[in-house]
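The data block below is start-v4.cif; it holds mmCIF, N, CA and C atoms.
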```cif
data_target
#
loop_
_atom_site.label_atom_id
_atom_site.label_comp_id
_atom_site.auth_asym_id
_atom_site.auth_seq_id
_atom_site.Cartn_x
_atom_site.Cartn_y
_atom_site.Cartn_z
N ALA G 1 95.98 121.46 104.07
CA ALA G 1 95.04 120.45 104.52
C ALA G 1 95.36 119.09 103.91
N VAL G 2 95.70 119.06 102.61
CA VAL G 2 96.02 117.79 101.95
C VAL G 2 97.31 117.21 102.52
N GLY G 3 98.28 118.09 102.76
CA GLY G 3 99.54 117.63 103.36
C GLY G 3 99.33 117.05 104.74
N GLU G 4 98.47 117.68 105.52
CA GLU G 4 98.16 117.17 106.85
C GLU G 4 97.48 115.81 106.77
N PHE G 5 96.57 115.67 105.80
CA PHE G 5 95.91 114.38 105.63
C PHE G 5 96.92 113.30 105.25
N ALA G 6 97.84 113.62 104.33
CA ALA G 6 98.87 112.65 103.93
C ALA G 6 99.70 112.24 105.14
N ASP G 7 100.02 113.21 106.01
CA ASP G 7 100.76 112.89 107.23
C ASP G 7 99.95 112.00 108.17
N GLN G 8 98.66 112.27 108.30
CA GLN G 8 97.79 111.44 109.15
C GLN G 8 97.71 110.02 108.60
N LEU G 9 97.58 109.91 107.28
CA LEU G 9 97.54 108.59 106.65
C LEU G 9 98.84 107.85 106.90
N ALA G 10 99.96 108.55 106.75
CA ALA G 10 101.26 107.93 107.00
C ALA G 10 101.37 107.45 108.44
N GLU G 11 100.93 108.25 109.39
CA GLU G 11 100.98 107.85 110.80
C GLU G 11 100.14 106.61 111.06
N LEU G 12 98.98 106.55 110.45
CA LEU G 12 98.12 105.38 110.60
C LEU G 12 98.82 104.14 110.05
N LEU G 13 99.46 104.28 108.90
CA LEU G 13 100.18 103.15 108.30
C LEU G 13 101.37 102.73 109.16
N VAL G 14 102.05 103.70 109.78
CA VAL G 14 103.15 103.38 110.69
C VAL G 14 102.63 102.58 111.87
N HIS G 15 101.52 102.99 112.44
CA HIS G 15 100.93 102.27 113.57
C HIS G 15 100.47 100.87 113.17
N ALA G 16 100.20 100.67 111.88
CA ALA G 16 99.82 99.35 111.39
C ALA G 16 101.04 98.49 111.07
N GLY G 17 102.25 99.06 111.23
CA GLY G 17 103.45 98.26 111.04
C GLY G 17 104.31 98.63 109.85
N MET G 18 103.92 99.60 109.08
CA MET G 18 104.70 99.99 107.91
C MET G 18 105.85 100.90 108.35
N PRO G 19 107.04 100.73 107.78
CA PRO G 19 108.14 101.64 108.10
C PRO G 19 107.76 103.10 107.78
N ARG G 20 108.25 104.02 108.61
CA ARG G 20 107.84 105.43 108.51
C ARG G 20 108.07 106.03 107.13
N MET G 21 109.26 105.88 106.56
CA MET G 21 109.52 106.50 105.26
C MET G 21 108.65 105.88 104.18
N VAL G 22 108.44 104.59 104.24
CA VAL G 22 107.56 103.91 103.29
C VAL G 22 106.15 104.49 103.38
N ALA G 23 105.68 104.66 104.60
CA ALA G 23 104.34 105.22 104.82
C ALA G 23 104.24 106.65 104.30
N ARG G 24 105.29 107.44 104.50
CA ARG G 24 105.27 108.82 104.01
C ARG G 24 105.22 108.87 102.49
N VAL G 25 106.01 108.02 101.84
CA VAL G 25 106.00 107.98 100.37
C VAL G 25 104.63 107.53 99.87
N LEU G 26 104.08 106.49 100.47
CA LEU G 26 102.77 106.01 100.05
C LEU G 26 101.70 107.08 100.26
N GLY G 27 101.72 107.74 101.40
CA GLY G 27 100.76 108.81 101.67
C GLY G 27 100.88 109.94 100.67
N CYS G 28 102.09 110.31 100.34
CA CYS G 28 102.32 111.39 99.37
C CYS G 28 101.80 111.01 97.99
N LEU G 29 102.08 109.79 97.56
CA LEU G 29 101.58 109.33 96.26
C LEU G 29 100.06 109.24 96.24
N TYR G 30 99.51 108.78 97.34
CA TYR G 30 98.07 108.51 97.39
C TYR G 30 97.24 109.78 97.22
N VAL G 31 97.73 110.91 97.68
CA VAL G 31 96.93 112.13 97.63
C VAL G 31 97.16 112.97 96.38
N THR G 32 98.01 112.51 95.46
CA THR G 32 98.21 113.27 94.23
C THR G 32 97.09 112.96 93.25
N ASP G 33 96.62 113.98 92.55
CA ASP G 33 95.58 113.77 91.55
C ASP G 33 96.07 112.86 90.43
N GLU G 34 97.33 113.00 90.05
CA GLU G 34 97.89 112.19 88.96
C GLU G 34 98.10 110.74 89.39
N GLY G 35 98.27 110.52 90.67
CA GLY G 35 98.55 109.17 91.16
C GLY G 35 99.96 108.73 90.87
N SER G 36 100.83 109.69 90.51
CA SER G 36 102.21 109.33 90.23
C SER G 36 103.12 110.53 90.47
N LEU G 37 104.35 110.23 90.85
CA LEU G 37 105.37 111.25 91.06
C LEU G 37 106.72 110.66 90.67
N THR G 38 107.67 111.53 90.36
CA THR G 38 109.04 111.08 90.13
C THR G 38 109.77 111.04 91.47
N SER G 39 110.95 110.46 91.45
CA SER G 39 111.78 110.45 92.65
C SER G 39 112.07 111.88 93.10
N GLY G 40 112.39 112.74 92.14
CA GLY G 40 112.67 114.14 92.47
C GLY G 40 111.48 114.82 93.12
N ASP G 41 110.28 114.53 92.60
CA ASP G 41 109.06 115.10 93.20
C ASP G 41 108.93 114.66 94.66
N LEU G 42 109.15 113.38 94.90
CA LEU G 42 109.02 112.84 96.26
C LEU G 42 110.08 113.43 97.19
N VAL G 43 111.32 113.54 96.69
CA VAL G 43 112.39 114.13 97.48
C VAL G 43 112.02 115.55 97.88
N GLN G 44 111.52 116.32 96.92
CA GLN G 44 111.15 117.71 97.18
C GLN G 44 109.98 117.82 98.15
N ARG G 45 108.94 117.05 97.92
CA ARG G 45 107.74 117.15 98.77
C ARG G 45 107.98 116.66 100.19
N LEU G 46 108.78 115.61 100.32
CA LEU G 46 109.00 115.02 101.64
C LEU G 46 110.25 115.56 102.34
N GLN G 47 111.09 116.30 101.59
CA GLN G 47 112.33 116.84 102.14
C GLN G 47 113.21 115.73 102.71
N VAL G 48 113.45 114.71 101.86
CA VAL G 48 114.28 113.57 102.25
C VAL G 48 115.29 113.30 101.14
N SER G 49 116.19 112.38 101.37
CA SER G 49 117.22 112.07 100.39
C SER G 49 116.68 111.16 99.29
N PRO G 50 117.32 111.21 98.11
CA PRO G 50 116.94 110.27 97.05
C PRO G 50 117.08 108.81 97.47
N ALA G 51 118.09 108.53 98.29
CA ALA G 51 118.28 107.15 98.76
C ALA G 51 117.11 106.69 99.62
N ALA G 52 116.58 107.58 100.45
CA ALA G 52 115.43 107.22 101.29
C ALA G 52 114.22 106.92 100.44
N VAL G 53 114.01 107.72 99.39
CA VAL G 53 112.88 107.49 98.48
C VAL G 53 113.08 106.17 97.74
N SER G 54 114.29 105.93 97.26
CA SER G 54 114.57 104.70 96.52
C SER G 54 114.29 103.46 97.36
N LYS G 55 114.75 103.49 98.60
CA LYS G 55 114.52 102.35 99.50
C LYS G 55 113.03 102.15 99.77
N ALA G 56 112.30 103.24 99.99
CA ALA G 56 110.86 103.15 100.25
C ALA G 56 110.12 102.61 99.03
N ILE G 57 110.50 103.09 97.85
CA ILE G 57 109.86 102.62 96.61
C ILE G 57 110.12 101.13 96.42
N GLY G 58 111.34 100.68 96.70
CA GLY G 58 111.64 99.25 96.60
C GLY G 58 110.74 98.42 97.49
N TYR G 59 110.52 98.89 98.71
CA TYR G 59 109.63 98.20 99.64
C TYR G 59 108.21 98.16 99.09
N LEU G 60 107.73 99.32 98.63
CA LEU G 60 106.35 99.40 98.12
C LEU G 60 106.16 98.54 96.87
N GLU G 61 107.17 98.48 96.01
CA GLU G 61 107.08 97.61 94.84
C GLU G 61 107.00 96.15 95.27
N GLY G 62 107.78 95.79 96.27
CA GLY G 62 107.76 94.43 96.78
C GLY G 62 106.41 94.03 97.35
N GLN G 63 105.67 95.00 97.84
CA GLN G 63 104.33 94.76 98.38
C GLN G 63 103.24 94.95 97.33
N ALA G 64 103.63 95.22 96.09
CA ALA G 64 102.70 95.47 94.97
C ALA G 64 101.80 96.67 95.23
N LEU G 65 102.34 97.68 95.93
CA LEU G 65 101.56 98.87 96.22
C LEU G 65 101.84 100.00 95.24
N VAL G 66 102.99 99.97 94.59
CA VAL G 66 103.30 100.93 93.54
C VAL G 66 103.98 100.19 92.39
N ARG G 67 103.99 100.87 91.24
CA ARG G 67 104.73 100.33 90.09
C ARG G 67 105.48 101.48 89.43
N ARG G 68 106.49 101.12 88.67
CA ARG G 68 107.29 102.11 87.95
C ARG G 68 106.81 102.22 86.52
N GLU G 69 106.82 103.45 86.02
CA GLU G 69 106.55 103.70 84.60
C GLU G 69 107.63 104.61 84.08
N ARG G 70 108.06 104.37 82.88
CA ARG G 70 109.07 105.23 82.26
C ARG G 70 108.37 106.44 81.65
N ASP G 71 108.82 107.64 82.02
CA ASP G 71 108.31 108.89 81.46
C ASP G 71 109.32 109.32 80.40
N ASP G 72 109.07 108.93 79.15
CA ASP G 72 110.03 109.20 78.08
C ASP G 72 110.20 110.69 77.80
N ARG G 73 109.16 111.47 78.02
CA ARG G 73 109.25 112.91 77.79
C ARG G 73 110.29 113.55 78.71
N ARG G 74 110.31 113.10 79.95
CA ARG G 74 111.24 113.68 80.93
C ARG G 74 112.43 112.78 81.20
N ARG G 75 112.47 111.63 80.53
CA ARG G 75 113.53 110.63 80.70
C ARG G 75 113.74 110.29 82.18
N ARG G 76 112.63 110.07 82.84
CA ARG G 76 112.65 109.70 84.25
C ARG G 76 111.61 108.62 84.49
N GLU G 77 111.77 107.96 85.62
CA GLU G 77 110.76 107.00 86.03
C GLU G 77 109.75 107.70 86.92
N ARG G 78 108.50 107.29 86.75
CA ARG G 78 107.43 107.78 87.62
C ARG G 78 106.98 106.61 88.47
N TYR G 79 106.66 106.89 89.70
CA TYR G 79 106.15 105.88 90.61
C TYR G 79 104.65 106.08 90.68
N VAL G 80 103.93 105.02 90.36
CA VAL G 80 102.48 105.10 90.14
C VAL G 80 101.74 104.31 91.21
N ILE G 81 100.69 104.94 91.72
CA ILE G 81 99.77 104.27 92.64
C ILE G 81 98.42 104.22 91.92
N ASP G 82 97.94 103.04 91.68
CA ASP G 82 96.70 102.87 90.92
C ASP G 82 95.48 102.87 91.83
N GLY G 83 94.31 102.98 91.20
CA GLY G 83 93.06 102.91 91.94
C GLY G 83 92.82 101.54 92.56
N ASP G 84 93.53 100.53 92.07
CA ASP G 84 93.34 99.18 92.58
C ASP G 84 94.36 98.80 93.65
N ILE G 85 95.00 99.79 94.26
CA ILE G 85 96.04 99.53 95.26
C ILE G 85 95.55 98.62 96.38
N TRP G 86 94.38 98.89 96.91
CA TRP G 86 93.89 98.09 98.04
C TRP G 86 93.46 96.72 97.58
N TYR G 87 92.94 96.62 96.37
CA TYR G 87 92.60 95.33 95.78
C TYR G 87 93.84 94.43 95.75
N ARG G 88 94.92 94.97 95.17
CA ARG G 88 96.16 94.18 95.06
C ARG G 88 96.76 93.90 96.43
N ALA G 89 96.73 94.88 97.32
CA ALA G 89 97.31 94.69 98.65
C ALA G 89 96.56 93.62 99.44
N LEU G 90 95.25 93.64 99.36
CA LEU G 90 94.46 92.65 100.09
C LEU G 90 94.62 91.25 99.51
N LEU G 91 94.69 91.15 98.18
CA LEU G 91 94.91 89.83 97.59
C LEU G 91 96.31 89.30 97.93
N ALA G 92 97.30 90.19 97.99
CA ALA G 92 98.64 89.77 98.41
C ALA G 92 98.62 89.30 99.86
N SER G 93 97.87 89.98 100.70
CA SER G 93 97.73 89.57 102.09
C SER G 93 97.07 88.20 102.19
N ALA G 94 96.04 87.99 101.39
CA ALA G 94 95.36 86.69 101.39
C ALA G 94 96.32 85.58 100.96
N GLU G 95 97.16 85.89 99.98
CA GLU G 95 98.13 84.90 99.51
C GLU G 95 99.14 84.56 100.61
N ARG G 96 99.62 85.57 101.32
CA ARG G 96 100.55 85.32 102.44
C ARG G 96 99.87 84.48 103.53
N ASN G 97 98.61 84.78 103.83
CA ASN G 97 97.88 83.98 104.82
C ASN G 97 97.73 82.54 104.37
N ALA G 98 97.48 82.33 103.08
CA ALA G 98 97.34 80.97 102.56
C ALA G 98 98.65 80.20 102.68
N VAL G 99 99.77 80.88 102.41
CA VAL G 99 101.08 80.24 102.56
C VAL G 99 101.31 79.87 104.03
N LEU G 100 101.01 80.79 104.94
CA LEU G 100 101.15 80.50 106.37
C LEU G 100 100.25 79.35 106.79
N ALA G 101 99.05 79.30 106.22
CA ALA G 101 98.13 78.20 106.54
C ALA G 101 98.74 76.86 106.12
N GLY G 102 99.36 76.84 104.96
CA GLY G 102 100.00 75.61 104.50
C GLY G 102 101.16 75.18 105.39
N ILE G 103 101.95 76.15 105.80
CA ILE G 103 103.10 75.85 106.67
C ILE G 103 102.62 75.33 108.02
N THR G 104 101.63 75.99 108.60
CA THR G 104 101.13 75.54 109.90
C THR G 104 100.40 74.20 109.79
N ARG G 105 99.76 73.94 108.65
CA ARG G 105 99.12 72.64 108.44
C ARG G 105 100.19 71.54 108.43
N HIS G 106 101.31 71.82 107.75
CA HIS G 106 102.42 70.86 107.72
C HIS G 106 102.96 70.64 109.14
N GLY G 107 103.09 71.75 109.90
CA GLY G 107 103.55 71.63 111.28
C GLY G 107 102.61 70.78 112.12
N ALA G 108 101.31 70.94 111.90
CA ALA G 108 100.33 70.14 112.65
C ALA G 108 100.48 68.66 112.32
N GLU G 109 100.69 68.36 111.05
CA GLU G 109 100.88 66.96 110.65
C GLU G 109 102.16 66.40 111.24
N LEU G 110 103.20 67.20 111.23
CA LEU G 110 104.50 66.77 111.75
C LEU G 110 104.44 66.53 113.26
N LEU G 111 103.79 67.43 113.97
CA LEU G 111 103.73 67.33 115.43
C LEU G 111 102.68 66.34 115.92
N GLY G 112 101.70 66.08 115.08
CA GLY G 112 100.66 65.12 115.42
C GLY G 112 99.47 65.76 116.11
N PRO G 113 98.26 65.28 115.79
CA PRO G 113 97.04 65.89 116.33
C PRO G 113 96.84 65.63 117.82
N ALA G 114 97.56 64.68 118.38
CA ALA G 114 97.37 64.35 119.80
C ALA G 114 98.23 65.22 120.72
N THR G 115 99.09 66.06 120.13
CA THR G 115 99.96 66.90 120.96
C THR G 115 99.39 68.31 121.06
N PRO G 116 99.67 68.99 122.17
CA PRO G 116 99.21 70.39 122.28
C PRO G 116 99.78 71.28 121.17
N ALA G 117 101.05 71.08 120.82
CA ALA G 117 101.66 71.89 119.76
C ALA G 117 100.99 71.60 118.42
N GLY G 118 100.70 70.34 118.16
CA GLY G 118 100.01 69.97 116.92
C GLY G 118 98.62 70.58 116.85
N THR G 119 97.93 70.59 117.98
CA THR G 119 96.59 71.20 118.04
C THR G 119 96.67 72.70 117.77
N ARG G 120 97.67 73.38 118.37
CA ARG G 120 97.84 74.82 118.12
C ARG G 120 98.10 75.09 116.65
N MET G 121 98.96 74.27 116.06
CA MET G 121 99.28 74.45 114.63
C MET G 121 98.05 74.20 113.77
N ASP G 122 97.28 73.19 114.11
CA ASP G 122 96.07 72.89 113.34
C ASP G 122 95.06 74.03 113.45
N ASP G 123 94.89 74.57 114.65
CA ASP G 123 93.98 75.71 114.83
C ASP G 123 94.46 76.92 114.04
N ALA G 124 95.76 77.18 114.10
CA ALA G 124 96.32 78.32 113.36
C ALA G 124 96.10 78.14 111.86
N SER G 125 96.32 76.94 111.38
CA SER G 125 96.14 76.65 109.96
C SER G 125 94.70 76.89 109.52
N ALA G 126 93.76 76.39 110.31
CA ALA G 126 92.35 76.56 109.95
C ALA G 126 91.96 78.03 109.95
N LEU G 127 92.42 78.78 110.95
CA LEU G 127 92.09 80.21 111.01
C LEU G 127 92.70 80.97 109.83
N LEU G 128 93.98 80.73 109.55
CA LEU G 128 94.64 81.44 108.46
C LEU G 128 94.01 81.11 107.11
N GLU G 129 93.64 79.87 106.92
CA GLU G 129 92.97 79.48 105.67
C GLU G 129 91.63 80.19 105.54
N ARG G 130 90.89 80.23 106.62
CA ARG G 130 89.58 80.91 106.61
C ARG G 130 89.73 82.39 106.32
N ILE G 131 90.69 83.03 106.98
CA ILE G 131 90.93 84.46 106.75
C ILE G 131 91.30 84.71 105.30
N SER G 132 92.17 83.88 104.76
CA SER G 132 92.58 84.03 103.36
C SER G 132 91.38 83.94 102.42
N GLN G 133 90.55 82.93 102.62
CA GLN G 133 89.37 82.76 101.78
C GLN G 133 88.38 83.91 101.95
N ASP G 134 88.20 84.37 103.18
CA ASP G 134 87.28 85.48 103.44
C ASP G 134 87.75 86.77 102.77
N ILE G 135 89.05 87.03 102.83
CA ILE G 135 89.59 88.24 102.18
C ILE G 135 89.33 88.19 100.69
N VAL G 136 89.68 87.08 100.06
CA VAL G 136 89.49 86.95 98.61
C VAL G 136 88.02 87.12 98.25
N ARG G 137 87.15 86.44 98.97
CA ARG G 137 85.72 86.53 98.69
C ARG G 137 85.21 87.97 98.87
N SER G 138 85.59 88.61 99.94
CA SER G 138 85.13 89.98 100.21
C SER G 138 85.62 90.96 99.16
N VAL G 139 86.88 90.86 98.79
CA VAL G 139 87.44 91.78 97.78
C VAL G 139 86.74 91.58 96.44
N ARG G 140 86.56 90.35 96.04
CA ARG G 140 85.89 90.09 94.76
C ARG G 140 84.44 90.57 94.79
N GLN G 141 83.77 90.32 95.88
CA GLN G 141 82.38 90.77 96.01
C GLN G 141 82.29 92.29 95.95
N TRP G 142 83.19 92.96 96.63
CA TRP G 142 83.22 94.42 96.63
C TRP G 142 83.32 94.96 95.21
N TYR G 143 84.25 94.42 94.44
CA TYR G 143 84.45 94.92 93.08
C TYR G 143 83.37 94.46 92.12
N GLU G 144 82.75 93.33 92.39
CA GLU G 144 81.60 92.93 91.57
C GLU G 144 80.45 93.91 91.76
N GLU G 145 80.26 94.36 92.99
CA GLU G 145 79.18 95.31 93.29
C GLU G 145 79.49 96.71 92.79
N ARG G 146 80.76 97.10 92.82
CA ARG G 146 81.15 98.46 92.45
C ARG G 146 81.56 98.62 91.00
N GLY G 147 81.79 97.53 90.31
CA GLY G 147 82.24 97.63 88.93
C GLY G 147 83.68 97.19 88.81
N PRO G 148 84.26 97.39 87.63
CA PRO G 148 85.62 96.90 87.39
C PRO G 148 86.65 97.58 88.30
N VAL G 149 87.74 96.86 88.49
CA VAL G 149 88.83 97.40 89.29
C VAL G 149 89.39 98.62 88.57
N PRO G 150 89.45 99.77 89.25
CA PRO G 150 89.97 100.97 88.59
C PRO G 150 91.46 100.86 88.35
N SER G 151 91.94 101.58 87.36
CA SER G 151 93.39 101.57 87.12
C SER G 151 93.96 102.94 87.32
#
```
Can you turn what I pasted into structure tokens?
Amino acid sequence: AVGEFADQLAELLVHAGMPRMVARVLGCLYVTDEGSLTSGDLVQRLQVSPAAVSKAIGYLEGQALVRRERDDRRRRERYVIDGDIWYRALLASAERNAVLAGITRHGAELLGPATPAGTRMDDASALLERISQDIVRSVRQWYEERGPVPS
């Protein structure tokens, strides 16, 4: 049942635009009680190559969805998914939207407010800025109501 749920979660993430192997690794990590696995654990559970796991982990680290920890007892790295995964992911999304808002604002200034292209850029900038602010506000409010960000 847990494996099926991890597969369903991975499929949902794929439909949202995440690469399939990345989604499978994230789903597998997400359903572990420990919240962490080694590369060997992931290879065994997912029946994939170490290279596929390594590439997926690199992607997830780049998105701030997992982090590496050194397991000195086993002399291996563990890939960790924290309780604050969605907190960090949403704040990263808000940051990307803010950057896009800045770029489109510059485009609007460059193209001029009297042009259709400038108007489109200005509208896009305003929307992206609003979305960025709303995400940050909502995430902070959620954690203020629920308590500290879990680790």
Selection dump of the PyMOL selection byres ((chain G and resi 71-81) around 8), as a ChimeraX atom specification:
/G:29-30,34-40,57,65-70,82-85,151
Going by DSSP on the backbone, which residues of chain G come out as strand (DSSP E)? List them as a list in words.
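Matching residues, listed in order: Ser36, Leu37, Thr38, Arg67, Arg68, Glu69, Arg70, Asp71, Arg76, Glu77, Arg78, Tyr79 and Val80 of chain G.
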Written file, previous selection with N, CA and C atoms, as a short mmCIF file (atom, residue, chain, number, x, y, z; two decimals), in the coordinates of the input:
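Saved file out-v6.cif follows:
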```cif
data_model
loop_
_atom_site.label_atom_id
_atom_site.label_comp_id
_atom_site.auth_asym_id
_atom_site.auth_seq_id
_atom_site.Cartn_x
_atom_site.Cartn_y
_atom_site.Cartn_z
N SER G 36 100.83 109.69 90.51
CA SER G 36 102.21 109.33 90.23
C SER G 36 103.12 110.53 90.47
N LEU G 37 104.35 110.23 90.85
CA LEU G 37 105.37 111.25 91.06
C LEU G 37 106.72 110.66 90.67
N THR G 38 107.67 111.53 90.36
CA THR G 38 109.04 111.08 90.13
C THR G 38 109.77 111.04 91.47
N ARG G 67 103.99 100.87 91.24
CA ARG G 67 104.73 100.33 90.09
C ARG G 67 105.48 101.48 89.43
N ARG G 68 106.49 101.12 88.67
CA ARG G 68 107.29 102.11 87.95
C ARG G 68 106.81 102.22 86.52
N GLU G 69 106.82 103.45 86.02
CA GLU G 69 106.55 103.70 84.60
C GLU G 69 107.63 104.61 84.08
N ARG G 70 108.06 104.37 82.88
CA ARG G 70 109.07 105.23 82.26
C ARG G 70 108.37 106.44 81.65
N ASP G 71 108.82 107.64 82.02
CA ASP G 71 108.31 108.89 81.46
C ASP G 71 109.32 109.32 80.40
N ARG G 76 112.63 110.07 82.84
CA ARG G 76 112.65 109.70 84.25
C ARG G 76 111.61 108.62 84.49
N GLU G 77 111.77 107.96 85.62
CA GLU G 77 110.76 107.00 86.03
C GLU G 77 109.75 107.70 86.92
N ARG G 78 108.50 107.29 86.75
CA ARG G 78 107.43 107.78 87.62
C ARG G 78 106.98 106.61 88.47
N TYR G 79 106.66 106.89 89.70
CA TYR G 79 106.15 105.88 90.61
C TYR G 79 104.65 106.08 90.68
N VAL G 80 103.93 105.02 90.36
CA VAL G 80 102.48 105.10 90.14
C VAL G 80 101.74 104.31 91.21
#
```
Record the distance separating atom CA of Glu109 of chain G and atom N of Asp123 of chain G, expressed in Å with one decimal.
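Atom N of Asp123 of chain G lies at a distance of 10.5 Å from atom CA of Glu109 of chain G.
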From the list G:Arg24, G:His15, G:Arg96, G:Arg120, which residue is nearest Ser132 of chain G when using only N, CA and C atoms?
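The closest residue to Ser132 of chain G is G:Arg96.
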Name all residues at most 12 Å from Met18 of chain G (count only C-alpha atoms; drop same-chain ones fewer than 4 positions away) and give them as a list of chain:residue names.
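Everything that qualifies: G:Leu9, G:Ala10, G:Glu11, G:Leu12, G:Leu13, G:Val14, G:Val22, G:Ala23, G:Arg24, G:Val25, G:Leu26, G:Gly27, G:Ala56, G:Tyr59, G:Leu60, G:Gln63.
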Measure the distance from atom C of Asp122 of chain G to atom CA of Ile135 of chain G in Å and round it to one decimal.
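Atom-to-atom, atom C of Asp122 of chain G and atom CA of Ile135 of chain G are spaced 18.9 Å apart.
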Quick one, how far is atom N of Arg130 of chain G from atom N of Leu91 of chain G?
14.3 Å
